[in-house]
Amino acid sequence: MPEWLRLRRAQPIPAEDAAQWTKCPKCSEMIYRPDLAANLWVCTKCQHHFRMHAFDRISMLVDADFTEIGGDLLPGDPLGWTDKVPYPQKLQRDREKSKLTEGVVCGFASIGGFPVALGVMDFNFRGGTMGTVVGERIAQLFERARERRVPCVVFTASGGARMEEGMLALMQMAKTTLAVRRFHDDGGYYISVLTDPTTGGVSASFAFQADVIVAEARASIGFAGRRVIEQTIRQKLPDNFQTAEFLLEKGALDSVVERRDLKPLLMRLLDYGVGAKQASNGHATVTAPTSSESRA
Amino acid sequence: MNVIVEREKGLLELEQRIAALKAQAAQQPVDMGGVIEALEAKYAEIQHEVFGTMTAWQRVNMARHPKRPLGTDYLAALDQFDELHGDRHFHDDHAIVGGFAKLRGRRVMAIAQDKGRDTREKVMRNFGMPAPEGYRKVTRLVALAAHLGLPVVTFIDTNGADPGIGSEERAQAEAIAQALYELADARIPIVATVIGEGGSGGALALGLADRVLMLEHSVYSVASPEGAAAILWGDAARAEEAASRLRLTSDDLLHFGIIDEIVGEPVGGAHRDSAGTVARVLDAVDAALDTLVKVPLADLLDRRYAKFRRIGAPPS
């Protein structure tokens, strides 16, 4: 078990973060952090869903252990990018700030007894932007899930493609798409959970390529950024524009859930997708021809 | 203001003067050879100065030159083209034009983005920024092409997908994601060519291909320079600076293994010989298809997977 998961299991939030008060960005309520953590990082007053750290998300979801893959993949600086500070410095700063090595954490775990490949993006690392490492980790996750014949669950949170890696970043949309497609065509079951915010190149690739697409309540979801649209059309957008609820009404999502209902929903969704196959496989001891397709 | 249009003004004036002098010389007994020669030397010098080495920003402007051949110019140069309209759900998006075609005698599905030439056409084509219906048309036509065994050829030229209320309401992200998903496993060869601007995911939705070509002075980037500047520094006016950092020129992208081949342009840009440039692109696409149609299907799909899989992968 990774150290961070053991720590989070031992206490709701790590010691260095504890005993602090946090202000809800929505209703300005001051909340005691352990209370916030105990409430799944949902405001105790207004139900605002805080953006979650990937470690907290994983800790909240998985039954016991989590085996990370691709964690040793670290970004280079392919373009030699410098603006205010060199890109490697930005990465270093985000590593220290977020305790993450990149914008997504991928690995294997079980949720409610169902073995899954799990990917969790984190907005704290360069705004969850997709560069080469995020693309590579996601592609590896789908490839390994395909080999292991387990469903894939991916939590998205992203500002889109990472500018500092230029076209190499954009091409990760193609790479992840190819991996998702192979996984799916080989019988894989993929659930994406769109969390706040899911935009740009991530929403226009693997986020919207799942078999079932769920979003967290009030998450901001779209392709173009809100500011870009406002500048283009030169008018203010309504408050509910690009929210999960807005997209649900437009027919783009399967379901929108409050965070507290998320894990039970995931377990039911996994049961429909995997349980049916397991059940028919059990039956297949009688009807031999399908047993070779067993993927339990 | 387009910096290339500005820079080529002096050259065009000089061209006219040389032509006028030549016409005059033909009618007069006076020998003006020396004068004409001097002017032509001067012309070559300026031309070299203007186009010999171009900055990234100048390339962006060349890619946006008002006279640059557009997507429908390529479609018009095919042996035959029968347009197939619409997404079958909502609308026919004119920023993307596609249909059955014959390219050098070969039956293909041709799909092109087009920004529009004059004001009326620009509005009709939404300045080349496709809405979800455009991408859904792509998905539909690629599926049809695969069903019939027709290779797909695409021509990319967009500043990016349409950023509008309606496009978000109709799930622009989903439309692009599905176009990519369709291309990922389409069981026919795909050749994409960037002919002007390849801006962001809105361009890539036509760019997941077995072979990716690029006109010499076209650009292909993670976001338009204006978009990147807005995202990075909250200031779209710093587009020139963003362009210089994004590595969006054809030689940069060949170096990174993101494109496979550069199709050369005449000195001064594609618009100095539009018909010739279009013909050279079509020849290059035809040559690429010649090779790809011979590849067994399973290998073709494996190579397509590997081609994008290795971009940004750790060295093995």
# chains A, B, ... in the order shown; residues from 1 in each chain; ligands from 1
call {"tool": "interface_residues", "arguments": {"of": "chain B", "to": "chain A", "cutoff": "6 Å", "atoms": "only C-alpha atoms", "output": "short mmCIF file (atom, residue, chain, number, x, y, z; two decimals) with N, CA and C atoms, in the first residue's frame"}}
result
data_model
loop_
_atom_site.label_atom_id
_atom_site.label_comp_id
_atom_site.auth_asym_id
_atom_site.auth_seq_id
_atom_site.Cartn_x
_atom_site.Cartn_y
_atom_site.Cartn_z
N PRO B 163 -16.20 28.30 -30.68
CA PRO B 163 -16.46 28.52 -29.26
C PRO B 163 -17.74 29.33 -29.09
N GLY B 164 -18.87 28.70 -29.11
CA GLY B 164 -20.13 29.44 -28.99
C GLY B 164 -21.09 28.74 -28.07
N ALA B 173 -17.37 19.01 -27.23
CA ALA B 173 -16.31 18.08 -26.80
C ALA B 173 -16.67 16.65 -27.21
N GLU B 174 -17.92 16.28 -27.03
CA GLU B 174 -18.35 14.92 -27.39
C GLU B 174 -18.23 14.71 -28.88
N ILE B 176 -16.14 16.11 -31.04
CA ILE B 176 -14.73 15.95 -31.42
C ILE B 176 -14.22 14.59 -30.93
N ALA B 177 -14.58 14.24 -29.69
CA ALA B 177 -14.14 12.96 -29.12
C ALA B 177 -14.62 11.80 -30.00
N TYR B 181 -12.59 9.05 -32.17
CA TYR B 181 -12.88 7.64 -31.87
C TYR B 181 -13.17 6.86 -33.16
N ALA B 184 -9.94 6.39 -35.11
CA ALA B 184 -8.99 5.52 -34.43
C ALA B 184 -9.01 4.09 -35.00
N SER B 221 -0.87 23.66 -34.25
CA SER B 221 -0.49 23.93 -32.86
C SER B 221 -1.55 23.50 -31.86
N VAL B 222 -1.09 23.38 -30.62
CA VAL B 222 -1.92 22.88 -29.52
C VAL B 222 -3.11 23.81 -29.28
N LEU B 246 5.57 27.96 -29.40
CA LEU B 246 4.74 26.75 -29.52
C LEU B 246 5.32 25.68 -30.44
N PHE B 308 0.86 7.03 -33.14
CA PHE B 308 0.50 8.03 -32.12
C PHE B 308 0.92 7.59 -30.73
N ARG B 309 0.99 6.27 -30.54
CA ARG B 309 1.36 5.73 -29.23
C ARG B 309 2.76 6.18 -28.82
N GLY B 312 5.55 11.18 -27.33
CA GLY B 312 5.61 11.51 -25.90
C GLY B 312 5.80 10.31 -25.00
#
call {"tool": "select_by_dssp", "arguments": {"residues": "segment 20-134 of chain A", "states": "alpha helix (DSSP H)", "output": "NGL selection string"}}
result
:A and (33-38 or 54-61 or 87-98 or 132-134)
call {"tool": "select_by_dssp", "arguments": {"residues": "segment 65-164 of chain B", "states": "strand (DSSP E or B)", "output": "PyMOL selection string"}}
result
chain B and resi 80-83+96-103+106-113+152-158
call {"tool": "write_last_selection", "arguments": {"atoms": "C-alpha atoms", "output": "tab-separated table (two decimals), in the first residue's frame"}}
result
chain	number	residue	atom	x	y	z
B	80	GLN	CA	-14.76	14.39	-59.39
B	81	PHE	CA	-16.56	15.43	-56.19
B	82	ASP	CA	-20.07	14.69	-54.99
B	83	GLU	CA	-20.84	16.46	-51.76
B	96	ILE	CA	-16.56	21.25	-43.07
B	97	VAL	CA	-17.31	20.05	-46.58
B	98	GLY	CA	-17.13	16.36	-47.46
B	99	GLY	CA	-18.20	13.79	-49.96
B	100	PHE	CA	-17.37	11.07	-52.45
B	101	ALA	CA	-14.54	12.00	-54.77
B	102	LYS	CA	-12.05	10.76	-57.27
B	103	LEU	CA	-8.44	11.68	-56.66
B	106	ARG	CA	-9.00	6.67	-57.14
B	107	ARG	CA	-12.35	6.63	-55.35
B	108	VAL	CA	-12.00	8.31	-51.95
B	109	MET	CA	-13.93	10.14	-49.25
B	110	ALA	CA	-12.67	13.72	-49.19
B	111	ILE	CA	-13.28	15.98	-46.18
B	112	ALA	CA	-12.08	19.58	-45.98
B	113	GLN	CA	-12.31	22.47	-43.57
B	152	VAL	CA	-10.27	8.99	-46.42
B	153	VAL	CA	-8.37	12.16	-47.30
B	154	THR	CA	-8.75	15.24	-45.13
B	155	PHE	CA	-7.63	18.85	-45.57
B	156	ILE	CA	-7.15	20.75	-42.32
B	157	ASP	CA	-7.55	24.52	-42.03
B	158	THR	CA	-9.13	25.94	-38.91
call {"tool": "residues_around", "arguments": {"residues": "Glu29 of chain A", "least_positions_apart": "3", "cutoff": "10 Å", "atoms": "only C-alpha atoms", "output": "JSON, numbers by chain"}}
result
{"A": [21, 22, 23, 24, 25, 26, 32, 43, 44, 45, 46]}
call {"tool": "write_last_selection", "arguments": {"atoms": "C-alpha atoms", "output": "PDB file, in the first residue's frame"}}
result
ATOM      1  CA  TRP A  21      -9.879  26.220   8.761  1.00  0.00           C
ATOM      2  CA  THR A  22     -10.887  26.468   5.128  1.00  0.00           C
ATOM      3  CA  LYS A  23     -13.202  28.950   3.534  1.00  0.00           C
ATOM      4  CA  CYS A  24     -15.826  27.621   1.153  1.00  0.00           C
ATOM      5  CA  PRO A  25     -15.239  29.379  -2.179  1.00  0.00           C
ATOM      6  CA  LYS A  26     -18.984  29.328  -2.807  1.00  0.00           C
ATOM      7  CA  TYR A  32     -12.864  22.977  10.096  1.00  0.00           C
ATOM      8  CA  CYS A  43     -19.181  22.129   2.122  1.00  0.00           C
ATOM      9  CA  THR A  44     -21.139  21.357   5.271  1.00  0.00           C
ATOM     10  CA  LYS A  45     -23.302  24.420   4.712  1.00  0.00           C
ATOM     11  CA  CYS A  46     -23.955  24.859   0.961  1.00  0.00           C
TER      12      CYS A  46
END
call {"tool": "residues_around", "arguments": {"residues": "Ala284 of chain B", "least_positions_apart": "5", "cutoff": "9 Å", "atoms": "only C-alpha atoms", "output": "list of chain:residue names"}}
result
B:Leu213, B:Glu261, B:Val263, B:Ala279, B:Leu289
call {"tool": "residues_around", "arguments": {"residues": "segment 92-103 of chain A", "least_positions_apart": "6", "cutoff": "7 Å", "atoms": "only C-alpha atoms", "output": "JSON, numbers by chain"}}
result
{"A": [74, 121, 122, 123, 124, 125, 126, 128, 129, 134]}
call {"tool": "atom_distance", "arguments": {"atom1": "atom CA of Ala25 of chain B", "atom2": "atom CA of Leu11 of chain B"}}
result
20.8 Å
call {"tool": "residues_around", "arguments": {"residues": "segment 257-260 of chain A", "least_positions_apart": "5", "cutoff": "8 Å", "atoms": "only C-alpha atoms", "output": "ChimeraX atom specification"}}
result
/A:40,42,49,214-217
call {"tool": "write_last_selection", "arguments": {"atoms": "C-alpha atoms", "output": "mmCIF file, in the first residue's frame"}}
result
data_model
loop_
_atom_site.group_PDB
_atom_site.id
_atom_site.type_symbol
_atom_site.label_atom_id
_atom_site.label_comp_id
_atom_site.auth_asym_id
_atom_site.auth_seq_id
_atom_site.Cartn_x
_atom_site.Cartn_y
_atom_site.Cartn_z
ATOM 1 C CA LEU A 40 -15.984 14.023 1.471
ATOM 2 C CA VAL A 42 -18.280 18.857 0.398
ATOM 3 C CA HIS A 49 -18.103 20.185 -3.968
ATOM 4 C CA VAL A 214 -21.277 10.414 -15.092
ATOM 5 C CA ALA A 215 -20.601 13.865 -13.689
ATOM 6 C CA GLU A 216 -20.332 15.244 -10.191
ATOM 7 C CA ALA A 217 -23.011 17.737 -9.246
#
call {"tool": "closest_residue", "arguments": {"among": "B:Leu297, B:Leu204, B:Ala230, B:Ala171", "to": "Asp185 of chain B", "atoms": "only C-alpha atoms"}}
result
B:Leu297
call {"tool": "residues_around", "arguments": {"residues": "Lys115 of chain B", "least_positions_apart": "3", "cutoff": "8 Å", "atoms": "only C-alpha atoms", "output": "CSV table (one decimal) with N, CA and C atoms, in the first residue's frame"}}
result
chain,number,residue,atom,x,y,z
B,70,LEU,N,-7.9,27.4,-50.2
B,70,LEU,CA,-8.7,27.0,-49.1
B,70,LEU,C,-9.2,25.5,-49.4
B,71,GLY,N,-9.8,24.9,-48.4
B,71,GLY,CA,-10.2,23.5,-48.5
B,71,GLY,C,-11.0,23.2,-49.7
B,95,ALA,N,-18.5,24.8,-42.4
B,95,ALA,CA,-17.1,24.9,-42.1
B,95,ALA,C,-16.4,23.6,-42.5
B,122,LYS,N,-17.4,33.7,-45.7
B,122,LYS,CA,-16.8,33.6,-44.3
B,122,LYS,C,-17.9,33.4,-43.3
B,125,ARG,N,-19.5,30.0,-43.7
B,125,ARG,CA,-18.6,28.9,-43.2
B,125,ARG,C,-18.2,29.2,-41.7
B,126,ASN,N,-18.7,30.2,-41.1
B,126,ASN,CA,-18.3,30.5,-39.7
B,126,ASN,C,-16.8,30.6,-39.5
B,127,PHE,N,-16.2,31.2,-40.5
B,127,PHE,CA,-14.8,31.5,-40.5
B,127,PHE,C,-13.9,30.2,-40.3
B,128,GLY,N,-14.5,29.1,-40.8
B,128,GLY,CA,-13.8,27.8,-40.7
B,128,GLY,C,-13.8,27.2,-39.3
B,129,MET,N,-14.7,27.7,-38.4
B,129,MET,CA,-14.7,27.1,-37.1
B,129,MET,C,-15.9,26.1,-37.0
B,157,ASP,N,-7.8,23.1,-42.1
B,157,ASP,CA,-7.6,24.5,-42.0
B,157,ASP,C,-8.6,25.2,-41.1
B,158,THR,N,-8.2,25.3,-39.9
B,158,THR,CA,-9.1,25.9,-38.9
B,158,THR,C,-8.3,26.6,-37.8
call {"tool": "closest_residue", "arguments": {"among": "B:Ala243, B:Leu14, B:Val281, B:Met54", "to": "Glu40 of chain B", "atoms": "only C-alpha atoms"}}
result
B:Leu14
call {"tool": "atom_distance", "arguments": {"atom1": "atom CA of Ile138 of chain A", "atom2": "atom CA of Gly107 of chain A"}}
result
9.8 Å
call {"tool": "atom_distance", "arguments": {"atom1": "atom CA of Leu262 of chain A", "atom2": "atom CA of Met52 of chain A"}}
result
13.5 Å
